[in-house]
Amino acid sequence: MKRLLLISTILLLVLSSCSNELTNIVDVEGGKVEGYIQDSLKIFKGIPFAAPPVGELRWKAPQPVIPWSGVKKTTEFAKSPIQGTDHPEKCSEDCLYLNVWSPAKTPVDKMPVMVWIYGGGFAFGSTNDPSHDGELLSRNGVVVVSIAYRVGNLGFFSHPDLTAENPNHVSGNYGILDQIAGLKWVKNNIAKFGGDPDNVTIFGESAGGISVSILCASPLAKGLFRRAISQSGGSFGPTRKTTYPGENMKSLAMAEADGTQIAKNHSASSVKELRAMDASQFAGRDMSGYGAWPIVDGYVIKDDQYKMYEQGDFNDVDILVGYNSDEGASFSWGDNYHNHADNVKHRYGKFADTLLAAYPLGEDTVLNKTARDLMRDAAFGWQTWAWASLQSKNGKSKVYIYYFDQHPANSDGSWHGQDVNYVFQHVNQCDSDIALSKAMGLYWTNFAKTGNPNGNGLPQWPEFTNENQKYMYLTGPVPFEGQTPSLEAMKVLDCYFAWRRTEEGAAWAQ
């Protein structure tokens with residue numbers, strides 16, 4: 001008897017020590033997948049949600065997943081999309097996979113779902129970045145999903161021949177269509193992981209935040225999510241042939257012209273020849289100097305989003321949006337101080353002098369924060385403020401807005417992307433950082449659960465309205481309510497964007 005008890009005890013100890021290796025199997029579109037359990041959290045990595053976009057499927061909308069037999073092991077991240085990197089072996093054109101972290105005990109738990117969309121300027125990015133690991137955030141009581149999408153000119157290449165072969169008479173925006181396909185997978189499958197398909201929040205940063213903005217306006221994404229969080233995102237600038245941060249969008253015709261030149265630069269006489277090229281030829285932001293970005297194609301992105309929101313033509317969901325205090329520091333290169341005035345005049349035309357006065361250049365020989373804030377607001381601050389203001393005016397859902405202002409040592413503010421680790425709870429530098437990270441994780445998951453970030457004893461986050469434009473200043477150790485940063489300067493920038501939407505302003509930018 002004692003021997004049996006000893007054997008039982010040993011077996012229990014062995015099973016306990018292997019708890020991180022326990023497997024679980026879920027039947028999803030395409031077949032069965034097997035993940036693993038880590039401290040009671042179910043984790044699946046590398047679940048295919050569409051067919052590999054290779055061969056004839058290059059530069060086409062994502063196609064249904066190819067079924068597999070048996071049980072697919074989903075315990076490792078899939079390779080990143082093709083992009084410029086020192087480790088090309090970690091990238092693949094076969095990249096349409098997603099990951100799931102679920103604290104649900106049973107499939108009927110119906111927990112809120114948060115779907116992460118990575119940034120990277122639509123040229124880089126991956127779901128396997130350690131700062132995007134969803135384990136700690138999911139332990140706040142949400143199912144976290146991260147979805148991959150094509151980047152660079154494999155994700156956003158446009159060409160007249162591609163437009164001609166497409167049933168919707170468009171080309172480009174494949175990366176956004178990938179995101180929509182991922183959201184459809186979530187809608188159809190997430191209940192099997194204990195998630196609620198009717199309570200999905202999309203969230204992303206930088207290009208991911210811009211993607212969130214695009215999805216909030218795209219008719220193709222209607223009904224796929226209930227709430228949206230955009231970190232340093234927004235896409236409310238008009239189209240422009242020569243693009244700048246905040247005016248990144250091109251029309252289909254502009255993008256097709258770029259694509260035609262790209263084909264010529266690569267001595268390709270047809271799309272068939274381009275499809276036959278090795279995928280590594282398309283690594284990075286561009287092919288021969290042309291940037292890859294979503295475009296206003298009239299289908300995925302119907303029009304200038306500012307105009308769409310003015311007309312009430314958008315997916316009216318609760319939003320939580322914001323940006324960082326010194327985003328401009330991350331986009332200041334070279335001799336910016338001496339070139340600053342000329343650069344502003346080149347981009348902003350007749351508004352240059354007014355904007356230089358609103359965002360003054362200091363007397364030092366280093367580009368100061370006030371001057372850098374022009375880039376911050378053009379790319380992120382105004383985009384966020386305009387989004388919140390337009391939705392508050394023309395929508396019915398709730399709007400919350402924030403200003404992330406946690407200063408690293410020897411800095412004037414928070415740089416671009418600094419907020420990501422705070423949201424995903426990967427912060428352990430000091431008590432102030434840890435406290436802010438915990439607060440942001442709770443704000444984000446509270447919002448995903450109820451549409452309201454408040455609760456859990458957190459400082460009260462006021463709802464944004466045009467009559468009461470209150471921001472939440474996310475700074476440690478205790479966030480607080482504040483006014484719109486640089487409001488008077490941003491009003492000048494608002495006048496510039498209004499002019500750009502006029503016939504005169506549109507003609508000048510061409």
# chains A, B, ... in the order shown; residues from 1 in each chain; ligands from 1
call {"tool": "select_by_dssp", "arguments": {"residues": "stretch 307-465 of chain A", "states": "strand (DSSP E)", "output": "VMD selection string"}}
result
chain A and resid 318 to 324 399 to 404
call {"tool": "closest_atom_pairs", "arguments": {"of": "stretch 295-346 of chain A", "to": "stretch 168-188 of chain A", "cutoff": "10 Å", "atoms": "only C-alpha atoms", "output": "tab-separated table"}}
result
residue	atom	partner	partner_atom	distance
A:Ile295	CA	A:Asn173	CA	6.6
A:Val296	CA	A:Asn173	CA	8.9
A:Asp297	CA	A:Val170	CA	6.2
A:Gly298	CA	A:Val170	CA	8.0
A:Tyr299	CA	A:Val170	CA	7.3
A:Val300	CA	A:Asn173	CA	7.2
A:Ile301	CA	A:Asn173	CA	8.6
call {"tool": "residues_around", "arguments": {"residues": "stretch 454-463 of chain A", "least_positions_apart": "2", "cutoff": "12 Å", "atoms": "only C-alpha atoms", "output": "number ranges by chain"}}
result
A: 140, 318-321, 388-389, 392, 397-403, 435-436, 438-452, 465-483
call {"tool": "atom_distance", "arguments": {"atom1": "atom CA of A:Pro48", "atom2": "atom CA of A:Phe77"}}
result
10.8 Å
call {"tool": "residues_around", "arguments": {"residues": "stretch 93-101 of chain A", "least_positions_apart": "2", "cutoff": "9 Å", "atoms": "only C-alpha atoms", "output": "NGL selection string"}}
result
:A and (41-54 or 58 or 62 or 74 or 77-82 or 91 or 103 or 127 or 133-135 or 138-139 or 142-150 or 154 or 178 or 182 or 190 or 193 or 279-280)
call {"tool": "select_by_dssp", "arguments": {"residues": "stretch 235-382 of chain A", "states": "helix (DSSP H, G or I)", "output": "PyMOL selection string"}}
result
chain A and resi 252-265+271-276+279-282+305-310+327-331+336-358+369-382
call {"tool": "residues_around", "arguments": {"residues": "A:Lys222", "least_positions_apart": "4", "cutoff": "9 Å", "atoms": "only C-alpha atoms", "output": "PyMOL selection string"}}
result
chain A and resi 215-218+314-315
call {"tool": "write_last_selection", "arguments": {"atoms": "all heavy atoms", "output": "compact mmCIF listing (two decimals), in the first residue's frame"}}
result
# COMPACT_ATOMS: atom_id res chain seq x y z
N LEU A 215 -10.14 50.02 -40.46
CA LEU A 215 -11.19 49.02 -40.23
C LEU A 215 -12.45 49.65 -39.68
O LEU A 215 -13.57 49.18 -39.95
CB LEU A 215 -10.67 47.94 -39.29
CG LEU A 215 -9.54 47.06 -39.86
CD1 LEU A 215 -8.92 46.21 -38.75
CD2 LEU A 215 -10.05 46.17 -40.99
N CYS A 216 -12.30 50.72 -38.90
CA CYS A 216 -13.47 51.41 -38.36
C CYS A 216 -14.25 52.15 -39.46
O CYS A 216 -15.40 52.54 -39.24
CB CYS A 216 -13.06 52.40 -37.28
SG CYS A 216 -12.68 51.64 -35.68
N ALA A 217 -13.62 52.35 -40.61
CA ALA A 217 -14.30 53.03 -41.71
C ALA A 217 -14.67 52.08 -42.85
O ALA A 217 -15.52 52.42 -43.67
CB ALA A 217 -13.41 54.15 -42.26
N SER A 218 -14.03 50.91 -42.91
CA SER A 218 -14.25 50.02 -44.05
C SER A 218 -15.59 49.27 -43.95
O SER A 218 -15.86 48.62 -42.94
CB SER A 218 -13.13 48.99 -44.15
OG SER A 218 -13.38 48.09 -45.22
N PHE A 314 -19.38 55.35 -41.31
CA PHE A 314 -18.31 54.60 -40.63
C PHE A 314 -18.93 53.57 -39.71
O PHE A 314 -20.15 53.59 -39.45
CB PHE A 314 -17.37 55.54 -39.86
CG PHE A 314 -18.04 56.37 -38.79
CD1 PHE A 314 -18.08 55.94 -37.46
CD2 PHE A 314 -18.63 57.59 -39.10
CE1 PHE A 314 -18.68 56.70 -36.48
CE2 PHE A 314 -19.24 58.37 -38.11
CZ PHE A 314 -19.26 57.92 -36.80
N ASN A 315 -18.11 52.65 -39.23
CA ASN A 315 -18.56 51.63 -38.28
C ASN A 315 -18.58 52.26 -36.89
O ASN A 315 -17.53 52.47 -36.28
CB ASN A 315 -17.65 50.42 -38.33
CG ASN A 315 -17.63 49.77 -39.70
OD1 ASN A 315 -18.66 49.65 -40.36
ND2 ASN A 315 -16.46 49.36 -40.16
call {"tool": "closest_residue", "arguments": {"among": "A:Arg500, A:Asn336, A:Ala506, A:Thr75", "to": "A:Leu361", "atoms": "only C-alpha atoms"}}
result
A:Asn336
call {"tool": "closest_residue", "arguments": {"among": "A:Ala509, A:Leu274, A:Leu137, A:Ala207", "to": "A:Thr239", "atoms": "only C-alpha atoms"}}
result
A:Ala509
call {"tool": "residues_around", "arguments": {"residues": "stretch 196-201 of chain A", "least_positions_apart": "5", "cutoff": "8 Å", "atoms": "only C-alpha atoms", "output": "list in words"}}
result
Asp109, Lys110, Met111, Pro112, Val113, Met114, Val115, Val186, Lys187, Asn188, Asn189, Ile190, Ala191, Leu224, Phe225, Arg226, Arg227, Ala228, Ile229, Ala448 and Lys449 of chain A
call {"tool": "residues_around", "arguments": {"residues": "A:Phe380", "least_positions_apart": "5", "cutoff": "7 Å", "atoms": "only C-alpha atoms", "output": "list in words"}}
result
Ser232, Gly233, Gly234 and Tyr323 of chain A
call {"tool": "write_last_selection", "arguments": {"atoms": "N, CA and C atoms", "output": "PDB file, in the first residue's frame"}}
result
ATOM      1  N   SER A 232      -1.427  55.631 -31.266  1.00  0.00           N
ATOM      2  CA  SER A 232      -0.631  56.357 -32.259  1.00  0.00           C
ATOM      3  C   SER A 232      -1.055  55.972 -33.668  1.00  0.00           C
ATOM      4  N   GLY A 233      -2.343  56.082 -33.931  1.00  0.00           N
ATOM      5  CA  GLY A 233      -2.878  55.726 -35.237  1.00  0.00           C
ATOM      6  C   GLY A 233      -3.805  56.808 -35.767  1.00  0.00           C
ATOM      7  N   GLY A 234      -4.678  56.434 -36.650  1.00  0.00           N
ATOM      8  CA  GLY A 234      -5.590  57.380 -37.284  1.00  0.00           C
ATOM      9  C   GLY A 234      -5.181  57.628 -38.716  1.00  0.00           C
ATOM     10  N   TYR A 323      -2.111  59.006 -28.264  1.00  0.00           N
ATOM     11  CA  TYR A 323      -0.766  59.093 -28.839  1.00  0.00           C
ATOM     12  C   TYR A 323       0.217  59.466 -27.737  1.00  0.00           C
TER      13      TYR A 323
END
call {"tool": "atom_distance", "arguments": {"atom1": "atom CA of A:Asn248", "atom2": "atom CA of A:Asn153"}}
result
15.0 Å
call {"tool": "closest_residue", "arguments": {"among": "A:Ala352, A:Ile117, A:Val151, A:Ile66", "to": "A:Gly209", "atoms": "only C-alpha atoms"}}
result
A:Ile117
call {"tool": "closest_residue", "arguments": {"among": "A:Gln231, A:Ala283, A:Gly194, A:Gly322", "to": "A:Gly84", "atoms": "only C-alpha atoms"}}
result
A:Ala283
